[in-house]
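The file target_28.pdb comes next; it holds PDB, C-alpha atoms and all ligand atoms.
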ATOM      1  CA  MET A 153       2.110 -36.563 -14.675  1.00  0.00           C
ATOM      2  CA  GLY A 154       0.667 -37.803 -11.386  1.00  0.00           C
ATOM      3  CA  LYS A 155      -0.491 -35.336  -8.754  1.00  0.00           C
ATOM      4  CA  TYR A 156       2.731 -35.545  -6.716  1.00  0.00           C
ATOM      5  CA  GLU A 157       4.769 -34.801  -9.796  1.00  0.00           C
ATOM      6  CA  PHE A 158       2.784 -31.587 -10.316  1.00  0.00           C
ATOM      7  CA  ILE A 159       3.891 -30.449  -6.880  1.00  0.00           C
ATOM      8  CA  GLU A 160       7.505 -31.562  -7.458  1.00  0.00           C
ATOM      9  CA  GLN A 161       7.462 -29.718 -10.767  1.00  0.00           C
ATOM     10  CA  ALA A 162       6.124 -26.539  -9.165  1.00  0.00           C
ATOM     11  CA  LEU A 163       8.908 -26.602  -6.564  1.00  0.00           C
ATOM     12  CA  GLN A 164      11.531 -27.316  -9.201  1.00  0.00           C
ATOM     13  CA  ASP A 165      10.237 -24.386 -11.317  1.00  0.00           C
ATOM     14  CA  LEU A 166      10.610 -22.087  -8.306  1.00  0.00           C
ATOM     15  CA  HIS A 167      14.224 -23.247  -7.855  1.00  0.00           C
ATOM     16  CA  GLU A 168      14.975 -22.769 -11.550  1.00  0.00           C
ATOM     17  CA  GLN A 169      13.485 -19.268 -11.589  1.00  0.00           C
ATOM     18  CA  GLY A 170      15.487 -18.335  -8.482  1.00  0.00           C
ATOM     19  CA  LEU A 171      12.202 -17.763  -6.621  1.00  0.00           C
ATOM     20  CA  TYR A 172      12.548 -20.516  -4.023  1.00  0.00           C
ATOM     21  CA  ASN A 173      12.477 -18.736  -0.694  1.00  0.00           C
ATOM     22  CA  THR A 174      14.145 -20.040   2.419  1.00  0.00           C
ATOM     23  CA  ILE A 175      12.293 -18.322   5.223  1.00  0.00           C
ATOM     24  CA  ARG A 176      14.351 -17.008   8.116  1.00  0.00           C
ATOM     25  CA  THR A 177      12.906 -17.465  11.590  1.00  0.00           C
ATOM     26  CA  ILE A 178      13.147 -14.714  14.193  1.00  0.00           C
ATOM     27  CA  GLU A 179      13.681 -15.981  17.728  1.00  0.00           C
ATOM     28  CA  SER A 180      13.361 -12.669  19.611  1.00  0.00           C
ATOM     29  CA  SER A 181      11.091  -9.638  19.773  1.00  0.00           C
ATOM     30  CA  VAL A 182      11.415  -7.386  16.720  1.00  0.00           C
ATOM     31  CA  GLY A 183      13.521  -4.242  16.924  1.00  0.00           C
ATOM     32  CA  ALA A 184      16.504  -2.876  15.006  1.00  0.00           C
ATOM     33  CA  TRP A 185      18.312  -6.007  16.174  1.00  0.00           C
ATOM     34  CA  VAL A 186      16.795  -9.477  16.107  1.00  0.00           C
ATOM     35  CA  VAL A 187      18.004 -13.001  16.847  1.00  0.00           C
ATOM     36  CA  VAL A 188      18.047 -15.372  13.857  1.00  0.00           C
ATOM     37  CA  GLU A 189      19.428 -18.898  14.292  1.00  0.00           C
ATOM     38  CA  GLY A 190      20.867 -17.941  17.646  1.00  0.00           C
ATOM     39  CA  LYS A 191      22.768 -14.953  16.164  1.00  0.00           C
ATOM     40  CA  ARG A 192      22.073 -11.289  16.924  1.00  0.00           C
ATOM     41  CA  VAL A 193      21.672  -9.551  13.541  1.00  0.00           C
ATOM     42  CA  LEU A 194      20.776  -6.051  12.318  1.00  0.00           C
ATOM     43  CA  ASN A 195      17.336  -6.090  10.693  1.00  0.00           C
ATOM     44  CA  MET A 196      17.361  -4.036   7.478  1.00  0.00           C
ATOM     45  CA  CYS A 197      14.176  -5.368   5.919  1.00  0.00           C
ATOM     46  CA  SER A 198      11.218  -4.984   8.280  1.00  0.00           C
ATOM     47  CA  ASN A 199       8.293  -2.549   8.190  1.00  0.00           C
ATOM     48  CA  ASN A 200       8.691  -1.659  11.865  1.00  0.00           C
ATOM     49  CA  TYR A 201       9.601   1.959  11.011  1.00  0.00           C
ATOM     50  CA  LEU A 202       8.348   3.442  14.255  1.00  0.00           C
ATOM     51  CA  GLY A 203       9.484   0.608  16.499  1.00  0.00           C
ATOM     52  CA  PHE A 204       5.970  -0.172  17.753  1.00  0.00           C
ATOM     53  CA  ALA A 205       6.439  -3.952  17.498  1.00  0.00           C
ATOM     54  CA  ASP A 206       8.248  -4.026  20.850  1.00  0.00           C
ATOM     55  CA  ASP A 207       6.966  -0.825  22.434  1.00  0.00           C
ATOM     56  CA  GLU A 208       6.490  -1.152  26.180  1.00  0.00           C
ATOM     57  CA  ARG A 209       3.195   0.817  26.168  1.00  0.00           C
ATOM     58  CA  LEU A 210       1.723  -1.408  23.477  1.00  0.00           C
ATOM     59  CA  ARG A 211       2.889  -4.573  25.244  1.00  0.00           C
ATOM     60  CA  THR A 212       1.088  -3.393  28.376  1.00  0.00           C
ATOM     61  CA  ALA A 213      -2.084  -2.400  26.496  1.00  0.00           C
ATOM     62  CA  ALA A 214      -2.187  -5.801  24.747  1.00  0.00           C
ATOM     63  CA  LYS A 215      -1.792  -7.639  28.078  1.00  0.00           C
ATOM     64  CA  ASP A 216      -4.532  -5.521  29.686  1.00  0.00           C
ATOM     65  CA  ALA A 217      -6.870  -6.217  26.766  1.00  0.00           C
ATOM     66  CA  ILE A 218      -6.213  -9.967  27.030  1.00  0.00           C
ATOM     67  CA  ASP A 219      -6.956  -9.881  30.770  1.00  0.00           C
ATOM     68  CA  ARG A 220     -10.222  -8.132  30.093  1.00  0.00           C
ATOM     69  CA  TYR A 221     -11.429  -9.674  26.831  1.00  0.00           C
ATOM     70  CA  GLY A 222      -9.479 -12.929  26.326  1.00  0.00           C
ATOM     71  CA  VAL A 223      -7.717 -13.742  23.059  1.00  0.00           C
ATOM     72  CA  GLY A 224     -10.501 -13.872  20.470  1.00  0.00           C
ATOM     73  CA  PRO A 225     -14.125 -13.027  19.733  1.00  0.00           C
ATOM     74  CA  GLY A 226     -15.132 -16.590  18.807  1.00  0.00           C
ATOM     75  CA  ALA A 227     -16.925 -15.530  15.635  1.00  0.00           C
ATOM     76  CA  VAL A 228     -16.452 -13.360  12.593  1.00  0.00           C
ATOM     77  CA  ARG A 229     -17.360  -9.690  12.892  1.00  0.00           C
ATOM     78  CA  SER A 230     -20.542 -10.016  10.841  1.00  0.00           C
ATOM     79  CA  ILE A 231     -22.027 -12.881  12.905  1.00  0.00           C
ATOM     80  CA  ALA A 232     -21.301 -12.472  16.620  1.00  0.00           C
ATOM     81  CA  GLY A 233     -17.660 -11.370  16.827  1.00  0.00           C
ATOM     82  CA  THR A 234     -17.842  -7.588  16.975  1.00  0.00           C
ATOM     83  CA  MET A 235     -16.526  -6.446  20.353  1.00  0.00           C
ATOM     84  CA  SER A 236     -16.470  -3.020  21.923  1.00  0.00           C
ATOM     85  CA  LEU A 237     -12.696  -3.085  21.272  1.00  0.00           C
ATOM     86  CA  HIS A 238     -13.336  -3.123  17.512  1.00  0.00           C
ATOM     87  CA  ILE A 239     -15.716  -0.183  17.759  1.00  0.00           C
ATOM     88  CA  GLU A 240     -13.300   1.772  19.934  1.00  0.00           C
ATOM     89  CA  LEU A 241     -10.494   1.127  17.444  1.00  0.00           C
ATOM     90  CA  GLU A 242     -12.628   2.178  14.481  1.00  0.00           C
ATOM     91  CA  GLU A 243     -13.850   5.358  16.139  1.00  0.00           C
ATOM     92  CA  LYS A 244     -10.297   6.322  17.045  1.00  0.00           C
ATOM     93  CA  LEU A 245      -9.032   5.537  13.556  1.00  0.00           C
ATOM     94  CA  ALA A 246     -11.776   7.608  11.903  1.00  0.00           C
ATOM     95  CA  GLU A 247     -11.074  10.521  14.220  1.00  0.00           C
ATOM     96  CA  PHE A 248      -7.338  10.280  13.580  1.00  0.00           C
ATOM     97  CA  LYS A 249      -7.733  10.059   9.799  1.00  0.00           C
ATOM     98  CA  GLY A 250     -10.450  12.720   9.691  1.00  0.00           C
ATOM     99  CA  THR A 251     -12.899  10.375   7.943  1.00  0.00           C
ATOM    100  CA  GLU A 252     -16.613   9.748   8.328  1.00  0.00           C
ATOM    101  CA  ALA A 253     -16.076   6.182   9.557  1.00  0.00           C
ATOM    102  CA  ALA A 254     -13.545   3.353   9.627  1.00  0.00           C
ATOM    103  CA  LEU A 255     -13.853  -0.414   9.356  1.00  0.00           C
ATOM    104  CA  SER A 256     -11.189  -2.871  10.503  1.00  0.00           C
ATOM    105  CA  VAL A 257     -10.678  -6.236   8.817  1.00  0.00           C
ATOM    106  CA  GLN A 258      -7.951  -8.838   9.282  1.00  0.00           C
ATOM    107  CA  SER A 259      -5.207  -7.347   7.104  1.00  0.00           C
ATOM    108  CA  GLY A 260      -4.365  -4.904   4.323  1.00  0.00           C
ATOM    109  CA  LEU A 261      -4.763  -7.708   1.798  1.00  0.00           C
ATOM    110  CA  ASN A 262      -8.259  -8.385   3.119  1.00  0.00           C
ATOM    111  CA  THR A 263      -9.098  -4.686   2.928  1.00  0.00           C
ATOM    112  CA  ASN A 264      -8.431  -4.585  -0.790  1.00  0.00           C
ATOM    113  CA  LEU A 265     -10.098  -7.947  -1.406  1.00  0.00           C
ATOM    114  CA  ALA A 266     -13.177  -6.837   0.541  1.00  0.00           C
ATOM    115  CA  THR A 267     -13.560  -3.275  -0.700  1.00  0.00           C
ATOM    116  CA  ILE A 268     -12.939  -3.354  -4.440  1.00  0.00           C
ATOM    117  CA  PRO A 269     -15.295  -6.244  -5.318  1.00  0.00           C
ATOM    118  CA  LEU A 270     -17.945  -4.792  -3.006  1.00  0.00           C
ATOM    119  CA  LEU A 271     -17.996  -1.585  -5.003  1.00  0.00           C
ATOM    120  CA  MET A 272     -17.362  -2.725  -8.522  1.00  0.00           C
ATOM    121  CA  GLY A 273     -19.433  -5.003 -10.763  1.00  0.00           C
ATOM    122  CA  LYS A 274     -19.368  -6.101 -14.372  1.00  0.00           C
ATOM    123  CA  GLU A 275     -20.834  -2.894 -15.787  1.00  0.00           C
ATOM    124  CA  ASP A 276     -18.136  -0.760 -14.126  1.00  0.00           C
ATOM    125  CA  VAL A 277     -14.563   0.322 -14.821  1.00  0.00           C
ATOM    126  CA  ILE A 278     -11.466   0.410 -12.587  1.00  0.00           C
ATOM    127  CA  PHE A 279      -8.404   2.537 -13.378  1.00  0.00           C
ATOM    128  CA  THR A 280      -5.337   1.076 -11.693  1.00  0.00           C
ATOM    129  CA  ASP A 281      -1.678   2.227 -11.637  1.00  0.00           C
ATOM    130  CA  GLU A 282       0.621  -0.330 -13.277  1.00  0.00           C
ATOM    131  CA  LEU A 283       2.789  -0.563 -10.146  1.00  0.00           C
ATOM    132  CA  ASN A 284      -0.041  -1.028  -7.644  1.00  0.00           C
ATOM    133  CA  HIS A 285       0.474  -3.477  -4.790  1.00  0.00           C
ATOM    134  CA  ALA A 286      -0.303  -7.139  -5.506  1.00  0.00           C
ATOM    135  CA  SER A 287      -3.289  -7.051  -3.133  1.00  0.00           C
ATOM    136  CA  ILE A 288      -4.915  -4.239  -5.167  1.00  0.00           C
ATOM    137  CA  ILE A 289      -4.355  -6.244  -8.338  1.00  0.00           C
ATOM    138  CA  ASP A 290      -5.989  -9.268  -6.673  1.00  0.00           C
ATOM    139  CA  GLY A 291      -8.881  -7.092  -5.453  1.00  0.00           C
ATOM    140  CA  CYS A 292      -9.445  -5.879  -9.031  1.00  0.00           C
ATOM    141  CA  ARG A 293      -9.221  -9.443 -10.379  1.00  0.00           C
ATOM    142  CA  LEU A 294     -11.987 -10.556  -8.021  1.00  0.00           C
ATOM    143  CA  THR A 295     -14.404  -8.254  -9.815  1.00  0.00           C
ATOM    144  CA  LYS A 296     -15.881  -8.603 -13.293  1.00  0.00           C
ATOM    145  CA  ALA A 297     -15.324  -4.899 -13.903  1.00  0.00           C
ATOM    146  CA  LYS A 298     -13.383  -3.628 -16.895  1.00  0.00           C
ATOM    147  CA  ARG A 299      -9.797  -2.898 -15.868  1.00  0.00           C
ATOM    148  CA  VAL A 300      -7.703  -0.073 -17.324  1.00  0.00           C
ATOM    149  CA  ILE A 301      -4.067  -0.134 -16.238  1.00  0.00           C
ATOM    150  CA  PHE A 302      -2.499   3.317 -16.536  1.00  0.00           C
ATOM    151  CA  PRO A 303       1.259   4.046 -16.709  1.00  0.00           C
ATOM    152  CA  HIS A 304       2.908   4.660 -13.345  1.00  0.00           C
ATOM    153  CA  ARG A 305       1.978   8.053 -11.812  1.00  0.00           C
ATOM    154  CA  ASP A 306       0.824   9.341 -15.202  1.00  0.00           C
ATOM    155  CA  VAL A 307      -2.122  11.706 -14.618  1.00  0.00           C
ATOM    156  CA  ASP A 308      -2.352  12.688 -18.304  1.00  0.00           C
ATOM    157  CA  ALA A 309      -2.708   9.045 -19.332  1.00  0.00           C
ATOM    158  CA  LEU A 310      -5.264   8.534 -16.561  1.00  0.00           C
ATOM    159  CA  ARG A 311      -7.233  11.541 -17.748  1.00  0.00           C
ATOM    160  CA  GLN A 312      -7.175  10.190 -21.296  1.00  0.00           C
ATOM    161  CA  ALA A 313      -8.397   6.784 -20.081  1.00  0.00           C
ATOM    162  CA  LEU A 314     -11.185   8.461 -18.081  1.00  0.00           C
ATOM    163  CA  LYS A 315     -12.202  10.344 -21.188  1.00  0.00           C
ATOM    164  CA  GLU A 316     -12.263   7.182 -23.293  1.00  0.00           C
ATOM    165  CA  ASN A 317     -14.471   5.484 -20.678  1.00  0.00           C
ATOM    166  CA  LYS A 318     -16.611   8.451 -19.741  1.00  0.00           C
ATOM    167  CA  ASP A 319     -19.806   6.670 -20.796  1.00  0.00           C
ATOM    168  CA  ILE A 320     -19.334   3.989 -18.134  1.00  0.00           C
ATOM    169  CA  GLU A 321     -21.275   5.329 -15.176  1.00  0.00           C
ATOM    170  CA  LYS A 322     -19.417   3.883 -12.203  1.00  0.00           C
ATOM    171  CA  LYS A 323     -15.684   4.490 -12.227  1.00  0.00           C
ATOM    172  CA  LEU A 324     -13.043   3.808  -9.568  1.00  0.00           C
ATOM    173  CA  ILE A 325      -9.446   4.999  -9.594  1.00  0.00           C
ATOM    174  CA  VAL A 326      -7.244   2.960  -7.260  1.00  0.00           C
ATOM    175  CA  THR A 327      -3.603   3.583  -6.426  1.00  0.00           C
ATOM    176  CA  ASP A 328      -0.934   2.990  -3.807  1.00  0.00           C
ATOM    177  CA  GLY A 329      -0.203   6.185  -1.849  1.00  0.00           C
ATOM    178  CA  VAL A 330       3.476   5.567  -1.167  1.00  0.00           C
ATOM    179  CA  PHE A 331       4.420   2.860  -3.662  1.00  0.00           C
ATOM    180  CA  SER A 332       5.588  -0.154  -1.736  1.00  0.00           C
ATOM    181  CA  MET A 333       8.581  -1.115  -3.886  1.00  0.00           C
ATOM    182  CA  ASP A 334      10.083   2.262  -4.890  1.00  0.00           C
ATOM    183  CA  GLY A 335       8.805   4.601  -2.162  1.00  0.00           C
ATOM    184  CA  ASP A 336       7.567   7.244  -4.636  1.00  0.00           C
ATOM    185  CA  LEU A 337       4.263   9.052  -4.111  1.00  0.00           C
ATOM    186  CA  ALA A 338       1.055   8.899  -6.106  1.00  0.00           C
ATOM    187  CA  PRO A 339       0.287  12.314  -7.679  1.00  0.00           C
ATOM    188  CA  LEU A 340      -2.857  12.462  -5.586  1.00  0.00           C
ATOM    189  CA  PRO A 341      -3.868  16.104  -6.204  1.00  0.00           C
ATOM    190  CA  GLY A 342      -3.856  15.509  -9.984  1.00  0.00           C
ATOM    191  CA  ILE A 343      -5.678  12.199  -9.602  1.00  0.00           C
ATOM    192  CA  VAL A 344      -8.374  13.784  -7.422  1.00  0.00           C
ATOM    193  CA  GLU A 345      -8.869  16.638  -9.889  1.00  0.00           C
ATOM    194  CA  ALA A 346      -9.221  14.228 -12.811  1.00  0.00           C
ATOM    195  CA  ALA A 347     -11.612  12.080 -10.774  1.00  0.00           C
ATOM    196  CA  GLU A 348     -13.792  15.057  -9.906  1.00  0.00           C
ATOM    197  CA  GLU A 349     -13.882  16.120 -13.523  1.00  0.00           C
ATOM    198  CA  TYR A 350     -15.123  12.679 -14.664  1.00  0.00           C
ATOM    199  CA  GLY A 351     -17.197  11.723 -11.605  1.00  0.00           C
ATOM    200  CA  ALA A 352     -14.917   8.831 -10.598  1.00  0.00           C
ATOM    201  CA  MET A 353     -14.414   7.468  -7.078  1.00  0.00           C
ATOM    202  CA  VAL A 354     -10.880   7.537  -5.679  1.00  0.00           C
ATOM    203  CA  MET A 355      -9.423   4.816  -3.477  1.00  0.00           C
ATOM    204  CA  ILE A 356      -5.950   5.172  -2.020  1.00  0.00           C
ATOM    205  CA  ASP A 357      -3.992   2.370  -0.382  1.00  0.00           C
ATOM    206  CA  ASP A 358      -2.072   4.249   2.303  1.00  0.00           C
ATOM    207  CA  ALA A 359      -0.281   1.204   3.761  1.00  0.00           C
ATOM    208  CA  HIS A 360       3.125   2.898   3.655  1.00  0.00           C
ATOM    209  CA  GLY A 361       1.934   6.472   4.181  1.00  0.00           C
ATOM    210  CA  GLU A 362       0.265   6.046   7.538  1.00  0.00           C
ATOM    211  CA  GLY A 363       2.492   6.919  10.454  1.00  0.00           C
ATOM    212  CA  VAL A 364       4.931   8.557   8.038  1.00  0.00           C
ATOM    213  CA  LEU A 365       3.249  11.249   5.907  1.00  0.00           C
ATOM    214  CA  GLY A 366       1.050  14.136   6.975  1.00  0.00           C
ATOM    215  CA  SER A 367       0.517  15.772  10.330  1.00  0.00           C
ATOM    216  CA  HIS A 368       1.171  13.219  13.119  1.00  0.00           C
ATOM    217  CA  GLY A 369       1.449  10.512  10.460  1.00  0.00           C
ATOM    218  CA  ARG A 370      -2.181  10.825   9.339  1.00  0.00           C
ATOM    219  CA  GLY A 371      -1.173   9.709   5.862  1.00  0.00           C
ATOM    220  CA  ILE A 372      -1.161  10.855   2.256  1.00  0.00           C
ATOM    221  CA  VAL A 373      -4.596  12.534   2.212  1.00  0.00           C
ATOM    222  CA  ASP A 374      -3.490  14.777   5.046  1.00  0.00           C
ATOM    223  CA  HIS A 375      -0.075  15.296   3.409  1.00  0.00           C
ATOM    224  CA  PHE A 376      -1.751  16.772   0.316  1.00  0.00           C
ATOM    225  CA  ASN A 377      -4.584  18.371   2.321  1.00  0.00           C
ATOM    226  CA  LEU A 378      -7.250  16.492   0.375  1.00  0.00           C
ATOM    227  CA  HIS A 379      -9.611  15.738   3.261  1.00  0.00           C
ATOM    228  CA  GLY A 380     -13.132  14.990   2.033  1.00  0.00           C
ATOM    229  CA  ARG A 381     -12.038  14.506  -1.579  1.00  0.00           C
ATOM    230  CA  VAL A 382     -10.772  10.913  -1.430  1.00  0.00           C
ATOM    231  CA  ASP A 383     -13.610   8.408  -1.119  1.00  0.00           C
ATOM    232  CA  ILE A 384     -11.818   5.402   0.364  1.00  0.00           C
ATOM    233  CA  GLU A 385      -8.564   5.104   2.253  1.00  0.00           C
ATOM    234  CA  ALA A 386      -7.232   1.600   2.797  1.00  0.00           C
ATOM    235  CA  GLY A 387      -4.391   0.862   5.170  1.00  0.00           C
ATOM    236  CA  THR A 388      -2.827  -1.732   7.395  1.00  0.00           C
ATOM    237  CA  MET A 389      -1.442  -2.148  10.890  1.00  0.00           C
ATOM    238  CA  SER A 390       1.253  -4.449   9.503  1.00  0.00           C
ATOM    239  CA  LYS A 391       3.511  -1.599   8.370  1.00  0.00           C
ATOM    240  CA  ARG A 392       5.422   0.799  10.651  1.00  0.00           C
ATOM    241  CA  SER A 393       4.058  -1.069  13.658  1.00  0.00           C
ATOM    242  CA  GLY A 394       5.719  -4.301  12.550  1.00  0.00           C
TER
HETATM  243  C1  LIG B 401       1.730  -4.420   2.725  1.00  0.00           C
HETATM  244  C2  LIG B 401       0.729  -3.824   1.867  1.00  0.00           C
HETATM  245  C3  LIG B 401      -0.572  -4.341   1.815  1.00  0.00           C
HETATM  246  C4  LIG B 401      -0.964  -5.584   2.558  1.00  0.00           C
HETATM  247  O1  LIG B 401      -1.056  -5.386   3.932  1.00  0.00           O
HETATM  248  P1  LIG B 401      -1.064  -6.644   4.907  1.00  0.00           P
HETATM  249  O2  LIG B 401      -1.644  -6.113   6.177  1.00  0.00           O
HETATM  250  O3  LIG B 401       0.365  -7.094   5.041  1.00  0.00           O
HETATM  251  O4  LIG B 401      -1.926  -7.694   4.291  1.00  0.00           O
HETATM  252  C5  LIG B 401      -1.502  -3.730   1.008  1.00  0.00           C
HETATM  253  N1  LIG B 401      -1.176  -2.652   0.267  1.00  0.00           N
HETATM  254  C6  LIG B 401       0.064  -2.120   0.275  1.00  0.00           C
HETATM  255  C7  LIG B 401       0.344  -0.910  -0.575  1.00  0.00           C
HETATM  256  C8  LIG B 401       1.058  -2.675   1.067  1.00  0.00           C
HETATM  257  O5  LIG B 401       2.277  -2.155   1.074  1.00  0.00           O
END

As structure tokens - that is how I would like this structure written.
Amino acid sequence: MGKYEFIEQALQDLHEQGLYNTIRTIESSVGAWVVVEGKRVLNMCSNNYLGFADDERLRTAAKDAIDRYGVGPGAVRSIAGTMSLHIELEEKLAEFKGTEAALSVQSGLNTNLATIPLLMGKEDVIFTDELNHASIIDGCRLTKAKRVIFPHRDVDALRQALKENKDIEKKLIVTDGVFSMDGDLAPLPGIVEAAEEYGAMVMIDDAHGEGVLGSHGRGIVDHFNLHGRVDIEAGTMSKRSG
């Protein structure tokens, strides 16, 4: 096959598997109702749970920030792109979540891709729930660490896997908080207990818990009152805020 045929074939495979996606285009601001192809339609599939995407206060704050700072930092954070706005955001986030510090990156996907490989190398082991979000799976795949996939929400199986790998010094347990497809919760108290018993780090992806669970929407760690016992909380601004 020539190179164009590879592409044709890939598209045809998508069609055959029923995975070819025609993307709808929204022509209005995002609320309960949106305009698609000139028609006003009820939006039943967005993440804008709290309606922040079109909130007047946030519109105003964004315009004020643009007037003051422009529309971009002109460099990545690590070179010359860190602005006082980033620091202010991170300090507020850490205070809100009750954590030591916070770091903002471009998206939830980037958070998982940045954090997991940073922590885990080829001598290490990651325990990951079988229904974890695709971005966690990708974050794990970017490492050379051993991966142990445990059955969904199964603390006993996790404990068994920890036991079998107890000789590996650096261990990380990573799980969605509120699972993104089914909406069920990770059994975080049991996971934290098992982790403490075996000296494993715990990372929770709270993308769907923030703004929803816990006091004032602080998320799953607050919901289960586990402050100080979860090592890393990942999240995203792309959910609940739209
Ligand atoms: C949506 C989601 C992400 C990715 O967040 P983005 O900001 O859209 O990249 C990561 N983890 C979970 C659990 C999610 O639901």

Which is closest to Ala346 of chain A among A:Leu365, A:Ala309, A:Leu210, A:Ile175, if we use all atoms listed in the file?
->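 Closest residue, counting all atoms listed in the file: A:Ala309.
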
Counting all atoms listed in the file, give me one row per residue of chain A with an atom at most 9 Å from an atom of ligand LIG 401 (chain B), showing the shortest contact pair and its distance in Å to one decimal, sorted by chain then residue number, as JSON lines.
{"residue": "A:Asn199", "atom": "CA", "partner": "B:LIG401", "partner_atom": "C1", "distance": 8.7}
{"residue": "A:Gln258", "atom": "CA", "partner": "B:LIG401", "partner_atom": "O2", "distance": 7.5}
{"residue": "A:Ser259", "atom": "CA", "partner": "B:LIG401", "partner_atom": "O2", "distance": 3.9}
{"residue": "A:Gly260", "atom": "CA", "partner": "B:LIG401", "partner_atom": "O1", "distance": 3.4}
{"residue": "A:Leu261", "atom": "CA", "partner": "B:LIG401", "partner_atom": "O4", "distance": 3.8}
{"residue": "A:Asn262", "atom": "CA", "partner": "B:LIG401", "partner_atom": "O4", "distance": 6.5}
{"residue": "A:Thr263", "atom": "CA", "partner": "B:LIG401", "partner_atom": "C5", "distance": 7.9}
{"residue": "A:Asn264", "atom": "CA", "partner": "B:LIG401", "partner_atom": "C5", "distance": 7.2}
{"residue": "A:Asn284", "atom": "CA", "partner": "B:LIG401", "partner_atom": "C7", "distance": 7.1}
{"residue": "A:His285", "atom": "CA", "partner": "B:LIG401", "partner_atom": "C7", "distance": 4.9}
{"residue": "A:Ala286", "atom": "CA", "partner": "B:LIG401", "partner_atom": "N1", "distance": 7.4}
{"residue": "A:Ser287", "atom": "CA", "partner": "B:LIG401", "partner_atom": "C5", "distance": 5.6}
{"residue": "A:Ile288", "atom": "CA", "partner": "B:LIG401", "partner_atom": "N1", "distance": 6.8}
{"residue": "A:Thr327", "atom": "CA", "partner": "B:LIG401", "partner_atom": "C7", "distance": 8.4}
{"residue": "A:Asp328", "atom": "CA", "partner": "B:LIG401", "partner_atom": "C7", "distance": 5.2}
{"residue": "A:Gly329", "atom": "CA", "partner": "B:LIG401", "partner_atom": "C7", "distance": 7.2}
{"residue": "A:Val330", "atom": "CA", "partner": "B:LIG401", "partner_atom": "C7", "distance": 7.2}
{"residue": "A:Phe331", "atom": "CA", "partner": "B:LIG401", "partner_atom": "C7", "distance": 6.4}
{"residue": "A:Ser332", "atom": "CA", "partner": "B:LIG401", "partner_atom": "O5", "distance": 4.8}
{"residue": "A:Met333", "atom": "CA", "partner": "B:LIG401", "partner_atom": "O5", "distance": 8.1}
{"residue": "A:Ile356", "atom": "CA", "partner": "B:LIG401", "partner_atom": "C7", "distance": 8.9}
{"residue": "A:Asp357", "atom": "CA", "partner": "B:LIG401", "partner_atom": "C7", "distance": 5.4}
{"residue": "A:Asp358", "atom": "CA", "partner": "B:LIG401", "partner_atom": "C7", "distance": 6.4}
{"residue": "A:Ala359", "atom": "CA", "partner": "B:LIG401", "partner_atom": "C6", "distance": 4.8}
{"residue": "A:His360", "atom": "CA", "partner": "B:LIG401", "partner_atom": "O5", "distance": 5.7}
{"residue": "A:Gly361", "atom": "CA", "partner": "B:LIG401", "partner_atom": "C7", "distance": 8.9}
{"residue": "A:Ala386", "atom": "CA", "partner": "B:LIG401", "partner_atom": "N1", "distance": 7.8}
{"residue": "A:Gly387", "atom": "CA", "partner": "B:LIG401", "partner_atom": "N1", "distance": 6.8}
{"residue": "A:Thr388", "atom": "CA", "partner": "B:LIG401", "partner_atom": "O2", "distance": 4.7}
{"residue": "A:Met389", "atom": "CA", "partner": "B:LIG401", "partner_atom": "O2", "distance": 6.2}
{"residue": "A:Ser390", "atom": "CA", "partner": "B:LIG401", "partner_atom": "O2", "distance": 4.7}
{"residue": "A:Lys391", "atom": "CA", "partner": "B:LIG401", "partner_atom": "C1", "distance": 6.6}

Selected residue of minimal separation from Lys249 of chain A among A:Gly351, A:Gly371, A:Gly203, A:Pro225, counting all atoms listed in the file = A:Gly371

Contacts of Leu255 of chain A at 12 Å or less, counting all atoms listed in the file, minus same-chain residues fewer than 4 places along, as a ChimeraX atom specification?
-> /A:229-230,234,238-246,251,259-260,262-263,266-267,384-388

Return the single residue from A:Met235, A:Asp308, A:Thr280, A:Phe204 that is closest to Ala217 of chain A, with distances computed using all atoms listed in the file.
->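 Of the candidates, the smallest distance to Ala217 of chain A is held by A:Met235.
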
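Contact shell of Arg192 of chain A at 12 Å (all atoms listed in the file; same-chain neighbours under 2 positions omitted): Ile178, Glu179, Ser180, Ser181, Val182, Gly183, Ala184, Trp185, Val186, Val187, Val188, Glu189, Gly190, Leu194 and Asn195 of chain A.
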
For the file shown, report as a ChimeraX atom specification the outcome of the PyMOL selection byres (((chain A and resi 354) around 9) and not hetatm) at residue level.
-> /A:323-327,343-344,347,352-353,355-356,381-385

N, CA, C and O atoms are needed for segment 305-309 of chain A; please write them out as a PDB file, in the frame of the given file.
ATOM      1  N   ARG A 305       2.060   6.652 -12.255  1.00  0.00           N
ATOM      2  CA  ARG A 305       1.978   8.053 -11.812  1.00  0.00           C
ATOM      3  C   ARG A 305       1.644   9.017 -12.968  1.00  0.00           C
ATOM      4  O   ARG A 305       1.948  10.203 -12.869  1.00  0.00           O
ATOM      5  N   ASP A 306       1.026   8.516 -14.011  1.00  0.00           N
ATOM      6  CA  ASP A 306       0.824   9.341 -15.202  1.00  0.00           C
ATOM      7  C   ASP A 306      -0.617   9.892 -15.228  1.00  0.00           C
ATOM      8  O   ASP A 306      -1.542   9.240 -15.702  1.00  0.00           O
ATOM      9  N   VAL A 307      -0.781  11.125 -14.729  1.00  0.00           N
ATOM     10  CA  VAL A 307      -2.122  11.706 -14.618  1.00  0.00           C
ATOM     11  C   VAL A 307      -2.700  12.002 -16.005  1.00  0.00           C
ATOM     12  O   VAL A 307      -3.906  11.834 -16.224  1.00  0.00           O
ATOM     13  N   ASP A 308      -1.851  12.394 -16.962  1.00  0.00           N
ATOM     14  CA  ASP A 308      -2.352  12.688 -18.304  1.00  0.00           C
ATOM     15  C   ASP A 308      -2.944  11.430 -18.948  1.00  0.00           C
ATOM     16  O   ASP A 308      -4.010  11.478 -19.565  1.00  0.00           O
ATOM     17  N   ALA A 309      -2.212  10.315 -18.775  1.00  0.00           N
ATOM     18  CA  ALA A 309      -2.708   9.045 -19.332  1.00  0.00           C
ATOM     19  C   ALA A 309      -3.994   8.632 -18.624  1.00  0.00           C
ATOM     20  O   ALA A 309      -4.926   8.133 -19.264  1.00  0.00           O
TER      21      ALA A 309
END
